[in-house]
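This report concerns only the one structure given below.
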Amino acid sequence: MPTITLDNVEKNYGGETNAVEGLDLTINDGDFMCLLGPSGCGKTTTVRMIAGLENITDGSIRIGDRVVDEPSAQTFVAPEKRDIGLVFQNYALWPHLSVADNVDYGLKLRKLPKTERTERVARMTEKLGIAPYRDRYPSQLSGGQQQRVALARMLAVNPQLMLLDEPLSNLDSRLRLEMRAELKRIHAEFNATVVFVTHDQWEAMTLATRVAVMNQGVLQQVGSPMDIYDRP
Ligand code: ADP
Ligand code: ADP
């Protein structure tokens, strides 16, 4: 299980101020790290940089002992080579693929044998309760069902690292509670390392083993939920 290390990371999108500045953050094996803070504070930018969907402007990012982004050394590892599972707010399911084929997508990319793929798709759709919809297309599913497909697609590849950007924001409150419990269970069962973006303090307190609080592109504090809660 890799550790993610951000060392003095800066992101500038071309404007006067940096979206993220001087970010030093270590995410340990098995952490469920919540990035918490108000809209625009740099949470999404941070997970996108870890994923490799944005390059960093300065500093470095390591995953395990591999440097994945370090502009001064001209190092940049492409997102698909970082072995990270992603679930973002808009789910980004392939509209032209059935539920089963969406879940199969990453397995195909990784060229797993057909029998293995079939077995994993069956197991994951079962686990997330979407097996009855396996032949439907995303447009024929509710938001909550699409959410589950996105989670199944991510989990099918057994990612050591998972990045989730407000993945529950479009769900009704009952489903949101269910999915939080599901994520905690998955985190424990797979002993995964999770980075979870939220602007909801309560959500961070319930889910996280550690919380990183950001404000205006700067990391303000990092600690256990109790640490953060006790020091408002
Ligand atoms: P959060 O996820 O906490 O809401 P973001 O990381 O999305 O914050 O944004 C941080 C800052 O960077 C904001 O000021 C935002 O307007 C800016 N920003 C984000 N993405 C882009 C982009 N693609 N181009 C220019 N500015 C951006
Ligand atoms: P974002 O939505 O934040 O821009 P991306 O869409 O770039 O993130 O990538 C998120 C994940 O969704 C990646 O695993 C990528 O392969 C997948 N993906 C990207 N675009 C689509 C799409 N149109 N349909 C289905 N999956 C997609």
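If you're wondering about the labels, chains in the structure tokens are A, B, ... by order shown, residues count from 1 in each chain, ligands from 1 in order shown.
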Chain A near ligand 1 within 6 Å: what's each residue's closest atom pair and its distance in Å to one decimal, counting only C-alpha atoms and all ligand atoms, ordered by chain then ascending residue number, as a tab-separated table?
```
residue	atom	partner	partner_atom_place_in_ligand_line	distance
A:Tyr13	CA	ligand 1	25 (C)	4.8
A:Ala19	CA	ligand 1	12 (O)	4.2
A:Pro38	CA	ligand 1	3 (O)	6.0
A:Ser39	CA	ligand 1	4 (O)	3.7
A:Gly40	CA	ligand 1	8 (O)	3.4
A:Cys41	CA	ligand 1	3 (O)	3.8
A:Gly42	CA	ligand 1	6 (O)	3.3
A:Lys43	CA	ligand 1	3 (O)	3.8
A:Thr44	CA	ligand 1	2 (O)	3.5
A:Thr45	CA	ligand 1	6 (O)	3.6
```
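Residues within 8 Å of stretch 201-209 of chain A, counting only C-alpha atoms and excluding same-chain residues fewer than 3 positions away, are Asp31, Phe32, Met33, Cys34, Leu35, Leu36, Arg180, Lys184, Thr198, Ser224, Pro225 and Met226 of chain A.
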Writing out the chosen residues with all heavy atoms as a short mmCIF file (atom, residue, chain, number, x, y, z; two decimals), in the first residue's frame:
```cif
data_model
loop_
_atom_site.label_atom_id
_atom_site.label_comp_id
_atom_site.auth_asym_id
_atom_site.auth_seq_id
_atom_site.Cartn_x
_atom_site.Cartn_y
_atom_site.Cartn_z
N ASP A 31 -4.92 5.21 5.45
CA ASP A 31 -5.63 6.42 5.86
C ASP A 31 -6.95 6.55 5.11
O ASP A 31 -7.02 6.20 3.93
CB ASP A 31 -4.81 7.69 5.51
CG ASP A 31 -3.98 8.21 6.67
OD1 ASP A 31 -4.19 7.74 7.81
OD2 ASP A 31 -3.12 9.07 6.43
N PHE A 32 -7.95 7.05 5.78
CA PHE A 32 -9.14 7.58 5.10
C PHE A 32 -9.03 9.08 5.34
O PHE A 32 -9.44 9.60 6.37
CB PHE A 32 -10.42 7.00 5.70
CG PHE A 32 -11.64 7.17 4.82
CD1 PHE A 32 -12.40 6.06 4.47
CD2 PHE A 32 -12.02 8.42 4.34
CE1 PHE A 32 -13.53 6.20 3.66
CE2 PHE A 32 -13.13 8.57 3.53
CZ PHE A 32 -13.89 7.45 3.19
N MET A 33 -8.39 9.75 4.37
CA MET A 33 -8.08 11.18 4.53
C MET A 33 -9.19 12.01 3.90
O MET A 33 -9.45 11.87 2.71
CB MET A 33 -6.73 11.48 3.86
CG MET A 33 -6.38 12.95 3.75
SD MET A 33 -5.93 13.71 5.32
CE MET A 33 -4.18 13.24 5.45
N CYS A 34 -9.82 12.86 4.68
CA CYS A 34 -10.79 13.78 4.11
C CYS A 34 -10.14 15.14 3.91
O CYS A 34 -9.51 15.68 4.82
CB CYS A 34 -12.01 13.93 5.02
SG CYS A 34 -13.18 12.56 4.86
N LEU A 35 -10.28 15.68 2.71
CA LEU A 35 -9.89 17.06 2.44
C LEU A 35 -11.13 17.91 2.63
O LEU A 35 -12.12 17.74 1.92
CB LEU A 35 -9.40 17.24 1.00
CG LEU A 35 -8.14 16.51 0.57
CD1 LEU A 35 -7.75 16.93 -0.86
CD2 LEU A 35 -6.99 16.81 1.51
N LEU A 36 -11.04 18.81 3.60
CA LEU A 36 -12.21 19.58 4.02
C LEU A 36 -11.94 21.07 3.83
O LEU A 36 -10.82 21.54 4.08
CB LEU A 36 -12.49 19.27 5.51
CG LEU A 36 -13.62 20.01 6.21
CD1 LEU A 36 -14.97 19.57 5.68
CD2 LEU A 36 -13.56 19.73 7.73
N ARG A 180 -22.09 6.19 2.73
CA ARG A 180 -20.99 6.44 3.69
C ARG A 180 -20.63 5.15 4.41
O ARG A 180 -19.45 4.82 4.56
CB ARG A 180 -21.41 7.48 4.72
CG ARG A 180 -21.29 8.90 4.23
CD ARG A 180 -21.63 9.85 5.36
NE ARG A 180 -21.93 11.17 4.83
CZ ARG A 180 -22.76 12.03 5.39
NH1 ARG A 180 -23.37 11.73 6.53
NH2 ARG A 180 -22.97 13.20 4.85
N LYS A 184 -17.03 3.11 4.25
CA LYS A 184 -16.26 2.74 5.44
C LYS A 184 -15.97 1.24 5.43
O LYS A 184 -14.87 0.80 5.77
CB LYS A 184 -17.03 3.11 6.72
CG LYS A 184 -16.95 4.58 7.06
CD LYS A 184 -17.72 4.89 8.32
CE LYS A 184 -16.82 4.92 9.53
NZ LYS A 184 -17.31 5.90 10.53
N THR A 198 -14.56 16.73 0.58
CA THR A 198 -15.90 17.16 0.99
C THR A 198 -15.85 18.59 1.54
O THR A 198 -14.82 19.05 2.01
CB THR A 198 -16.49 16.21 2.06
OG1 THR A 198 -17.80 16.64 2.40
CG2 THR A 198 -15.63 16.15 3.31
N SER A 224 -6.49 14.03 13.45
CA SER A 224 -7.63 13.13 13.58
C SER A 224 -8.89 13.98 13.67
O SER A 224 -8.82 15.17 14.00
CB SER A 224 -7.49 12.28 14.84
OG SER A 224 -7.70 13.09 15.97
N PRO A 225 -10.06 13.40 13.38
CA PRO A 225 -11.29 14.17 13.52
C PRO A 225 -11.42 14.82 14.89
O PRO A 225 -11.87 15.96 14.99
CB PRO A 225 -12.39 13.12 13.29
CG PRO A 225 -11.75 12.09 12.42
CD PRO A 225 -10.31 12.05 12.85
N MET A 226 -10.99 14.12 15.94
CA MET A 226 -11.08 14.69 17.28
C MET A 226 -10.17 15.90 17.44
O MET A 226 -10.56 16.90 18.03
CB MET A 226 -10.75 13.63 18.35
CG MET A 226 -11.87 12.64 18.59
SD MET A 226 -13.49 13.42 18.84
CE MET A 226 -13.29 14.05 20.52
#
```
_A:Glu116 environment, 12 Å, only C-alpha atoms, sequence neighbours closer than 4 positions dropped, as a PyMOL selection string_ = chain A and resi 104+107-108+110-112+120-123+156-157
Go ahead and write the selection's residues with all heavy atoms as a tab-separated table (two decimals), in the first residue's frame.
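The resulting file, part31.tsv, is reproduced below:
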```
chain	number	residue	atom	x	y	z
A	104	ASP	N	-16.68	-3.30	-16.43
A	104	ASP	CA	-15.64	-4.08	-17.10
A	104	ASP	C	-14.55	-3.20	-17.70
A	104	ASP	O	-13.44	-3.66	-17.99
A	104	ASP	CB	-16.30	-4.92	-18.21
A	104	ASP	CG	-15.36	-5.97	-18.79
A	104	ASP	OD1	-14.52	-6.49	-18.03
A	104	ASP	OD2	-15.48	-6.25	-19.99
A	107	LEU	N	-11.02	-3.17	-16.41
A	107	LEU	CA	-10.44	-4.53	-16.46
A	107	LEU	C	-9.94	-4.83	-17.87
A	107	LEU	O	-8.88	-5.41	-18.06
A	107	LEU	CB	-11.50	-5.55	-16.04
A	107	LEU	CG	-12.14	-5.31	-14.68
A	107	LEU	CD1	-13.24	-6.32	-14.41
A	107	LEU	CD2	-11.08	-5.36	-13.58
A	108	LYS	N	-10.73	-4.37	-18.85
A	108	LYS	CA	-10.36	-4.52	-20.25
A	108	LYS	C	-9.09	-3.74	-20.55
A	108	LYS	O	-8.17	-4.24	-21.18
A	108	LYS	CB	-11.50	-3.97	-21.12
A	108	LYS	CG	-11.97	-4.91	-22.19
A	108	LYS	CD	-13.19	-4.29	-22.88
A	108	LYS	CE	-13.66	-5.18	-24.00
A	108	LYS	NZ	-14.99	-4.72	-24.47
A	110	ARG	N	-6.82	-3.02	-18.58
A	110	ARG	CA	-5.67	-3.69	-17.97
A	110	ARG	C	-5.43	-5.06	-18.57
A	110	ARG	O	-4.59	-5.81	-18.08
A	110	ARG	CB	-5.88	-3.78	-16.46
A	110	ARG	CG	-5.71	-2.43	-15.77
A	110	ARG	CD	-6.21	-2.45	-14.35
A	110	ARG	NE	-5.97	-1.18	-13.66
A	110	ARG	CZ	-6.68	-0.07	-13.87
A	110	ARG	NH1	-7.68	-0.07	-14.74
A	110	ARG	NH2	-6.40	1.04	-13.22
A	111	LYS	N	-6.20	-5.40	-19.61
A	111	LYS	CA	-6.00	-6.64	-20.37
A	111	LYS	C	-6.07	-7.89	-19.50
A	111	LYS	O	-5.32	-8.84	-19.68
A	111	LYS	CB	-4.67	-6.59	-21.12
A	111	LYS	CG	-4.59	-5.45	-22.14
A	111	LYS	CD	-3.35	-5.60	-23.01
A	111	LYS	CE	-3.36	-4.70	-24.23
A	111	LYS	NZ	-3.49	-3.26	-23.91
A	112	LEU	N	-7.01	-7.89	-18.54
A	112	LEU	CA	-7.20	-9.10	-17.73
A	112	LEU	C	-7.91	-10.16	-18.58
A	112	LEU	O	-8.67	-9.83	-19.48
A	112	LEU	CB	-8.05	-8.78	-16.50
A	112	LEU	CG	-7.42	-7.86	-15.45
A	112	LEU	CD1	-8.36	-7.66	-14.29
A	112	LEU	CD2	-6.10	-8.44	-14.97
A	120	ARG	N	-15.10	-10.81	-11.86
A	120	ARG	CA	-15.02	-9.57	-11.08
A	120	ARG	C	-16.24	-8.68	-11.29
A	120	ARG	O	-16.73	-8.05	-10.36
A	120	ARG	CB	-13.76	-8.79	-11.46
A	120	ARG	CG	-12.50	-9.40	-10.89
A	120	ARG	CD	-11.49	-8.30	-10.69
A	120	ARG	NE	-10.13	-8.83	-10.73
A	120	ARG	CZ	-9.05	-8.07	-10.64
A	120	ARG	NH1	-9.17	-6.76	-10.56
A	120	ARG	NH2	-7.86	-8.60	-10.67
A	121	VAL	N	-16.71	-8.60	-12.54
A	121	VAL	CA	-17.89	-7.79	-12.82
A	121	VAL	C	-19.08	-8.35	-12.04
A	121	VAL	O	-19.83	-7.59	-11.41
A	121	VAL	CB	-18.20	-7.74	-14.34
A	121	VAL	CG1	-19.57	-7.10	-14.58
A	121	VAL	CG2	-17.11	-6.97	-15.08
A	122	ALA	N	-19.24	-9.66	-12.04
A	122	ALA	CA	-20.35	-10.28	-11.30
A	122	ALA	C	-20.23	-9.98	-9.81
A	122	ALA	O	-21.20	-9.58	-9.16
A	122	ALA	CB	-20.35	-11.78	-11.54
A	123	ARG	N	-19.04	-10.12	-9.28
A	123	ARG	CA	-18.84	-9.92	-7.84
A	123	ARG	C	-19.12	-8.47	-7.44
A	123	ARG	O	-19.80	-8.19	-6.46
A	123	ARG	CB	-17.40	-10.32	-7.46
A	123	ARG	CG	-17.11	-10.30	-5.99
A	123	ARG	CD	-15.99	-11.28	-5.61
A	123	ARG	NE	-14.88	-11.28	-6.56
A	123	ARG	CZ	-13.81	-10.48	-6.46
A	123	ARG	NH1	-13.71	-9.63	-5.48
A	123	ARG	NH2	-12.85	-10.55	-7.35
A	156	ALA	N	-13.60	-2.62	-8.99
A	156	ALA	CA	-13.35	-3.83	-9.76
A	156	ALA	C	-11.86	-4.04	-10.03
A	156	ALA	O	-11.39	-5.16	-10.11
A	156	ALA	CB	-14.11	-3.79	-11.09
A	157	VAL	N	-11.12	-2.93	-10.14
A	157	VAL	CA	-9.70	-3.04	-10.45
A	157	VAL	C	-8.82	-3.15	-9.19
A	157	VAL	O	-7.60	-3.13	-9.29
A	157	VAL	CB	-9.20	-1.86	-11.32
A	157	VAL	CG1	-9.99	-1.80	-12.62
A	157	VAL	CG2	-9.29	-0.54	-10.58
```
*Quick one: residues within 12 Å of A:Asp101, only C-alpha atoms counted, chain neighbours fewer than 4 positions away excluded, as a list in words?*
Leu93, Trp94, Pro95, His96, Leu97, Tyr105, Gly106, Leu107, Lys108, Leu109, Arg117, Thr118, Arg120, Val121, Ala122, Thr125, Tyr133, Arg134, Asp135, Arg136, Tyr137, Pro138, Val149, Ala150, Ala152, Arg153 and Ala156 of chain A
Once you have the residues from the selection above, write them out as a PDB file, in the first residue's frame, restricted to N, CA and C atoms.
```pdb
ATOM      1  N   LEU A  93     -19.702   8.063 -16.208  1.00  0.00           N
ATOM      2  CA  LEU A  93     -19.945   6.733 -16.774  1.00  0.00           C
ATOM      3  C   LEU A  93     -19.991   6.858 -18.298  1.00  0.00           C
ATOM      4  N   TRP A  94     -19.565   5.802 -18.981  1.00  0.00           N
ATOM      5  CA  TRP A  94     -19.663   5.820 -20.441  1.00  0.00           C
ATOM      6  C   TRP A  94     -21.126   5.640 -20.830  1.00  0.00           C
ATOM      7  N   PRO A  95     -21.705   6.629 -21.517  1.00  0.00           N
ATOM      8  CA  PRO A  95     -23.143   6.590 -21.809  1.00  0.00           C
ATOM      9  C   PRO A  95     -23.522   5.476 -22.789  1.00  0.00           C
ATOM     10  N   HIS A  96     -22.570   5.094 -23.646  1.00  0.00           N
ATOM     11  CA  HIS A  96     -22.875   4.097 -24.686  1.00  0.00           C
ATOM     12  C   HIS A  96     -22.603   2.673 -24.214  1.00  0.00           C
ATOM     13  N   LEU A  97     -22.164   2.532 -22.957  1.00  0.00           N
ATOM     14  CA  LEU A  97     -21.877   1.190 -22.442  1.00  0.00           C
ATOM     15  C   LEU A  97     -22.887   0.809 -21.363  1.00  0.00           C
ATOM     16  N   TYR A 105     -14.855  -1.915 -17.881  1.00  0.00           N
ATOM     17  CA  TYR A 105     -14.009  -1.021 -18.667  1.00  0.00           C
ATOM     18  C   TYR A 105     -12.529  -1.039 -18.244  1.00  0.00           C
ATOM     19  N   GLY A 106     -12.317  -0.832 -16.928  1.00  0.00           N
ATOM     20  CA  GLY A 106     -10.938  -0.762 -16.428  1.00  0.00           C
ATOM     21  C   GLY A 106     -10.237  -2.108 -16.488  1.00  0.00           C
ATOM     22  N   LEU A 107     -11.016  -3.174 -16.411  1.00  0.00           N
ATOM     23  CA  LEU A 107     -10.441  -4.525 -16.460  1.00  0.00           C
ATOM     24  C   LEU A 107      -9.938  -4.831 -17.868  1.00  0.00           C
ATOM     25  N   LYS A 108     -10.730  -4.369 -18.853  1.00  0.00           N
ATOM     26  CA  LYS A 108     -10.363  -4.517 -20.253  1.00  0.00           C
ATOM     27  C   LYS A 108      -9.085  -3.737 -20.550  1.00  0.00           C
ATOM     28  N   LEU A 109      -9.077  -2.458 -20.043  1.00  0.00           N
ATOM     29  CA  LEU A 109      -7.896  -1.608 -20.229  1.00  0.00           C
ATOM     30  C   LEU A 109      -6.648  -2.308 -19.714  1.00  0.00           C
ATOM     31  N   ARG A 117     -12.355 -11.276 -15.757  1.00  0.00           N
ATOM     32  CA  ARG A 117     -13.175 -10.070 -15.884  1.00  0.00           C
ATOM     33  C   ARG A 117     -14.625 -10.371 -15.572  1.00  0.00           C
ATOM     34  N   THR A 118     -15.138 -11.439 -16.140  1.00  0.00           N
ATOM     35  CA  THR A 118     -16.534 -11.823 -15.924  1.00  0.00           C
ATOM     36  C   THR A 118     -16.801 -12.046 -14.438  1.00  0.00           C
ATOM     37  N   ARG A 120     -15.101 -10.814 -11.858  1.00  0.00           N
ATOM     38  CA  ARG A 120     -15.018  -9.569 -11.076  1.00  0.00           C
ATOM     39  C   ARG A 120     -16.240  -8.683 -11.290  1.00  0.00           C
ATOM     40  N   VAL A 121     -16.707  -8.604 -12.538  1.00  0.00           N
ATOM     41  CA  VAL A 121     -17.889  -7.790 -12.822  1.00  0.00           C
ATOM     42  C   VAL A 121     -19.085  -8.345 -12.043  1.00  0.00           C
ATOM     43  N   ALA A 122     -19.235  -9.658 -12.035  1.00  0.00           N
ATOM     44  CA  ALA A 122     -20.346 -10.278 -11.304  1.00  0.00           C
ATOM     45  C   ALA A 122     -20.231  -9.977  -9.814  1.00  0.00           C
ATOM     46  N   THR A 125     -20.846  -6.013  -9.136  1.00  0.00           N
ATOM     47  CA  THR A 125     -22.224  -5.557  -9.334  1.00  0.00           C
ATOM     48  C   THR A 125     -23.115  -6.139  -8.224  1.00  0.00           C
ATOM     49  N   TYR A 133     -29.470  -4.413 -12.712  1.00  0.00           N
ATOM     50  CA  TYR A 133     -29.471  -3.409 -13.794  1.00  0.00           C
ATOM     51  C   TYR A 133     -28.313  -3.610 -14.758  1.00  0.00           C
ATOM     52  N   ARG A 134     -27.677  -4.747 -14.726  1.00  0.00           N
ATOM     53  CA  ARG A 134     -26.396  -4.886 -15.430  1.00  0.00           C
ATOM     54  C   ARG A 134     -26.488  -4.613 -16.936  1.00  0.00           C
ATOM     55  N   ASP A 135     -27.670  -4.817 -17.530  1.00  0.00           N
ATOM     56  CA  ASP A 135     -27.793  -4.601 -18.975  1.00  0.00           C
ATOM     57  C   ASP A 135     -28.359  -3.235 -19.335  1.00  0.00           C
ATOM     58  N   ARG A 136     -28.646  -2.421 -18.314  1.00  0.00           N
ATOM     59  CA  ARG A 136     -29.163  -1.079 -18.611  1.00  0.00           C
ATOM     60  C   ARG A 136     -28.029  -0.121 -18.957  1.00  0.00           C
ATOM     61  N   TYR A 137     -28.431   1.034 -19.519  1.00  0.00           N
ATOM     62  CA  TYR A 137     -27.467   2.084 -19.820  1.00  0.00           C
ATOM     63  C   TYR A 137     -27.562   3.153 -18.735  1.00  0.00           C
ATOM     64  N   PRO A 138     -26.499   3.933 -18.524  1.00  0.00           N
ATOM     65  CA  PRO A 138     -26.502   4.924 -17.455  1.00  0.00           C
ATOM     66  C   PRO A 138     -27.732   5.839 -17.464  1.00  0.00           C
ATOM     67  N   VAL A 149     -22.618   2.352  -9.712  1.00  0.00           N
ATOM     68  CA  VAL A 149     -21.886   1.831 -10.870  1.00  0.00           C
ATOM     69  C   VAL A 149     -20.461   2.416 -10.882  1.00  0.00           C
ATOM     70  N   ALA A 150     -20.372   3.716 -10.611  1.00  0.00           N
ATOM     71  CA  ALA A 150     -19.059   4.367 -10.589  1.00  0.00           C
ATOM     72  C   ALA A 150     -18.170   3.744  -9.514  1.00  0.00           C
ATOM     73  N   ALA A 152     -18.519   0.660  -8.276  1.00  0.00           N
ATOM     74  CA  ALA A 152     -18.212  -0.715  -8.696  1.00  0.00           C
ATOM     75  C   ALA A 152     -17.093  -0.717  -9.733  1.00  0.00           C
ATOM     76  N   ARG A 153     -17.175   0.241 -10.674  1.00  0.00           N
ATOM     77  CA  ARG A 153     -16.150   0.332 -11.718  1.00  0.00           C
ATOM     78  C   ARG A 153     -14.780   0.588 -11.100  1.00  0.00           C
ATOM     79  N   ALA A 156     -13.603  -2.617  -8.989  1.00  0.00           N
ATOM     80  CA  ALA A 156     -13.349  -3.835  -9.764  1.00  0.00           C
ATOM     81  C   ALA A 156     -11.856  -4.036 -10.027  1.00  0.00           C
TER      82      ALA A 156
END
```
_ligand 2 neighbours within 8 Å using only C-alpha atoms and all ligand atoms, as a list in words_ = Arg48, Leu53, Glu80, Gly85, Leu86, Val87, Phe88, Gln89, Asn90, Tyr91, Ala92, Leu93, Trp94, Pro95, Asn102, Gly106 and Met154 of chain A
How would the residues just chosen look if you wrote them out with N, CA and C atoms as a PDB file, in the first residue's frame?
```pdb
ATOM      1  N   ARG A  48      -7.023  16.177  -8.121  1.00  0.00           N
ATOM      2  CA  ARG A  48      -6.722  16.040  -9.555  1.00  0.00           C
ATOM      3  C   ARG A  48      -5.207  16.007  -9.805  1.00  0.00           C
ATOM      4  N   LEU A  53      -4.490  14.314 -13.303  1.00  0.00           N
ATOM      5  CA  LEU A  53      -5.397  14.981 -14.241  1.00  0.00           C
ATOM      6  C   LEU A  53      -5.042  16.458 -14.373  1.00  0.00           C
ATOM      7  N   GLU A  80      -3.121   7.117 -16.087  1.00  0.00           N
ATOM      8  CA  GLU A  80      -3.431   5.679 -16.192  1.00  0.00           C
ATOM      9  C   GLU A  80      -2.271   4.807 -15.710  1.00  0.00           C
ATOM     10  N   GLY A  85      -7.813   4.520  -8.281  1.00  0.00           N
ATOM     11  CA  GLY A  85      -9.231   4.480  -8.578  1.00  0.00           C
ATOM     12  C   GLY A  85      -9.850   5.850  -8.352  1.00  0.00           C
ATOM     13  N   LEU A  86     -10.702   6.276  -9.284  1.00  0.00           N
ATOM     14  CA  LEU A  86     -11.298   7.613  -9.189  1.00  0.00           C
ATOM     15  C   LEU A  86     -12.818   7.546  -9.211  1.00  0.00           C
ATOM     16  N   VAL A  87     -13.443   8.318  -8.340  1.00  0.00           N
ATOM     17  CA  VAL A  87     -14.882   8.577  -8.491  1.00  0.00           C
ATOM     18  C   VAL A  87     -15.095  10.068  -8.280  1.00  0.00           C
ATOM     19  N   PHE A  88     -15.536  10.739  -9.342  1.00  0.00           N
ATOM     20  CA  PHE A  88     -15.760  12.164  -9.244  1.00  0.00           C
ATOM     21  C   PHE A  88     -17.247  12.466  -9.291  1.00  0.00           C
ATOM     22  N   GLN A  89     -17.537  13.726  -8.999  1.00  0.00           N
ATOM     23  CA  GLN A  89     -18.912  14.173  -8.796  1.00  0.00           C
ATOM     24  C   GLN A  89     -19.868  13.800  -9.935  1.00  0.00           C
ATOM     25  N   ASN A  90     -19.384  13.939 -11.164  1.00  0.00           N
ATOM     26  CA  ASN A  90     -20.286  13.683 -12.301  1.00  0.00           C
ATOM     27  C   ASN A  90     -20.310  12.211 -12.742  1.00  0.00           C
ATOM     28  N   TYR A  91     -19.658  11.346 -11.923  1.00  0.00           N
ATOM     29  CA  TYR A  91     -19.616   9.889 -12.185  1.00  0.00           C
ATOM     30  C   TYR A  91     -18.853   9.526 -13.450  1.00  0.00           C
ATOM     31  N   ALA A  92     -19.038  10.303 -14.536  1.00  0.00           N
ATOM     32  CA  ALA A  92     -18.347  10.027 -15.795  1.00  0.00           C
ATOM     33  C   ALA A  92     -18.487   8.578 -16.234  1.00  0.00           C
ATOM     34  N   LEU A  93     -19.702   8.063 -16.208  1.00  0.00           N
ATOM     35  CA  LEU A  93     -19.945   6.733 -16.774  1.00  0.00           C
ATOM     36  C   LEU A  93     -19.991   6.858 -18.298  1.00  0.00           C
ATOM     37  N   TRP A  94     -19.565   5.802 -18.981  1.00  0.00           N
ATOM     38  CA  TRP A  94     -19.663   5.820 -20.441  1.00  0.00           C
ATOM     39  C   TRP A  94     -21.126   5.640 -20.830  1.00  0.00           C
ATOM     40  N   PRO A  95     -21.705   6.629 -21.517  1.00  0.00           N
ATOM     41  CA  PRO A  95     -23.143   6.590 -21.809  1.00  0.00           C
ATOM     42  C   PRO A  95     -23.522   5.476 -22.789  1.00  0.00           C
ATOM     43  N   ASN A 102     -19.525  -0.902 -18.302  1.00  0.00           N
ATOM     44  CA  ASN A 102     -18.868   0.181 -17.575  1.00  0.00           C
ATOM     45  C   ASN A 102     -17.949  -0.376 -16.489  1.00  0.00           C
ATOM     46  N   GLY A 106     -12.317  -0.832 -16.928  1.00  0.00           N
ATOM     47  CA  GLY A 106     -10.938  -0.762 -16.428  1.00  0.00           C
ATOM     48  C   GLY A 106     -10.237  -2.108 -16.488  1.00  0.00           C
ATOM     49  N   MET A 154     -14.770   1.470 -10.084  1.00  0.00           N
ATOM     50  CA  MET A 154     -13.507   1.770  -9.429  1.00  0.00           C
ATOM     51  C   MET A 154     -12.982   0.553  -8.669  1.00  0.00           C
TER      52      MET A 154
END
```
_Picked from stretch 28-98 of chain A by DSSP as helix (DSSP H, G or I), as a list of chain:residue names_ = A:Lys43, A:Thr44, A:Thr45, A:Thr46, A:Val47, A:Arg48, A:Met49, A:Ile50, A:Ala51, A:Pro71, A:Ser72, A:Ala73, A:Pro79, A:Glu80, A:Lys81
*Could you name the residues that touch A:Ile50 at 12 Å or less, counting only C-alpha atoms, but leaving out those on the same chain fewer than 3 positions away, as number ranges by chain?*
A: 3-7, 9, 11, 25-27, 43-47, 53-56, 60-63, 67-70, 76-80, 82-86, 161-165, 194-195
_If DSSP is run on the backbone, what residues of chain A are strand (DSSP E or B)? A reply as a PyMOL selection string would be ideal._
chain A and resi 4-11+20-27+32-36+58-63+66-70+75-76+84-87+161-165+193-198+210-215+218-223
*Spatial neighbours of A:Phe190, 10 Å, only C-alpha atoms, chain gap at least 5 places, as a PyMOL selection string*: chain A and resi 30+155+158-160+185
Kindly export the residues of the current selection with N, CA and C atoms, as a PDB file, in the first residue's frame.
```pdb
ATOM      1  N   GLY A  30      -3.527   3.115   4.375  1.00  0.00           N
ATOM      2  CA  GLY A  30      -4.723   2.803   5.134  1.00  0.00           C
ATOM      3  C   GLY A  30      -5.439   4.022   5.709  1.00  0.00           C
ATOM      4  N   LEU A 155     -13.874  -0.094  -7.891  1.00  0.00           N
ATOM      5  CA  LEU A 155     -13.431  -1.172  -7.013  1.00  0.00           C
ATOM      6  C   LEU A 155     -13.052  -2.438  -7.770  1.00  0.00           C
ATOM      7  N   ASN A 158      -9.476  -3.311  -8.039  1.00  0.00           N
ATOM      8  CA  ASN A 158      -8.739  -3.414  -6.763  1.00  0.00           C
ATOM      9  C   ASN A 158      -7.719  -2.308  -6.571  1.00  0.00           C
ATOM     10  N   PRO A 159      -8.130  -1.062  -6.655  1.00  0.00           N
ATOM     11  CA  PRO A 159      -7.141   0.013  -6.546  1.00  0.00           C
ATOM     12  C   PRO A 159      -6.579   0.083  -5.131  1.00  0.00           C
ATOM     13  N   GLN A 160      -5.270   0.308  -5.070  1.00  0.00           N
ATOM     14  CA  GLN A 160      -4.651   0.479  -3.751  1.00  0.00           C
ATOM     15  C   GLN A 160      -4.984   1.853  -3.200  1.00  0.00           C
ATOM     16  N   ARG A 185     -16.998   0.480   5.041  1.00  0.00           N
ATOM     17  CA  ARG A 185     -16.849  -0.971   4.993  1.00  0.00           C
ATOM     18  C   ARG A 185     -15.789  -1.368   3.953  1.00  0.00           C
TER      19      ARG A 185
END
```
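In this structure, atom CA of A:Val213 sits 5.7 Å away from atom CA of A:Gly37.
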Distance query A:Gly143 at most 7 Å, only C-alpha atoms, self and fewer than 3 positions along chain excluded, as a PDB file with N, CA, C and O atoms, in the first residue's frame:
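Printed below is selection33.pdb as written:
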```pdb
ATOM      1  N   GLN A 146     -26.346   5.226 -10.501  1.00  0.00           N
ATOM      2  CA  GLN A 146     -25.149   5.593 -11.274  1.00  0.00           C
ATOM      3  C   GLN A 146     -23.936   5.696 -10.357  1.00  0.00           C
ATOM      4  O   GLN A 146     -22.825   5.282 -10.712  1.00  0.00           O
ATOM      5  N   GLN A 147     -24.177   6.256  -9.166  1.00  0.00           N
ATOM      6  CA  GLN A 147     -23.132   6.371  -8.164  1.00  0.00           C
ATOM      7  C   GLN A 147     -22.544   4.995  -7.835  1.00  0.00           C
ATOM      8  O   GLN A 147     -21.330   4.816  -7.743  1.00  0.00           O
ATOM      9  N   ASN A 170     -24.728  14.170  -4.973  1.00  0.00           N
ATOM     10  CA  ASN A 170     -26.001  14.194  -5.702  1.00  0.00           C
ATOM     11  C   ASN A 170     -27.030  13.198  -5.175  1.00  0.00           C
ATOM     12  O   ASN A 170     -28.055  12.978  -5.810  1.00  0.00           O
ATOM     13  N   LEU A 171     -26.731  12.603  -4.040  1.00  0.00           N
ATOM     14  CA  LEU A 171     -27.640  11.581  -3.512  1.00  0.00           C
ATOM     15  C   LEU A 171     -28.589  12.174  -2.483  1.00  0.00           C
ATOM     16  O   LEU A 171     -28.274  13.165  -1.828  1.00  0.00           O
TER      17      LEU A 171
END
```
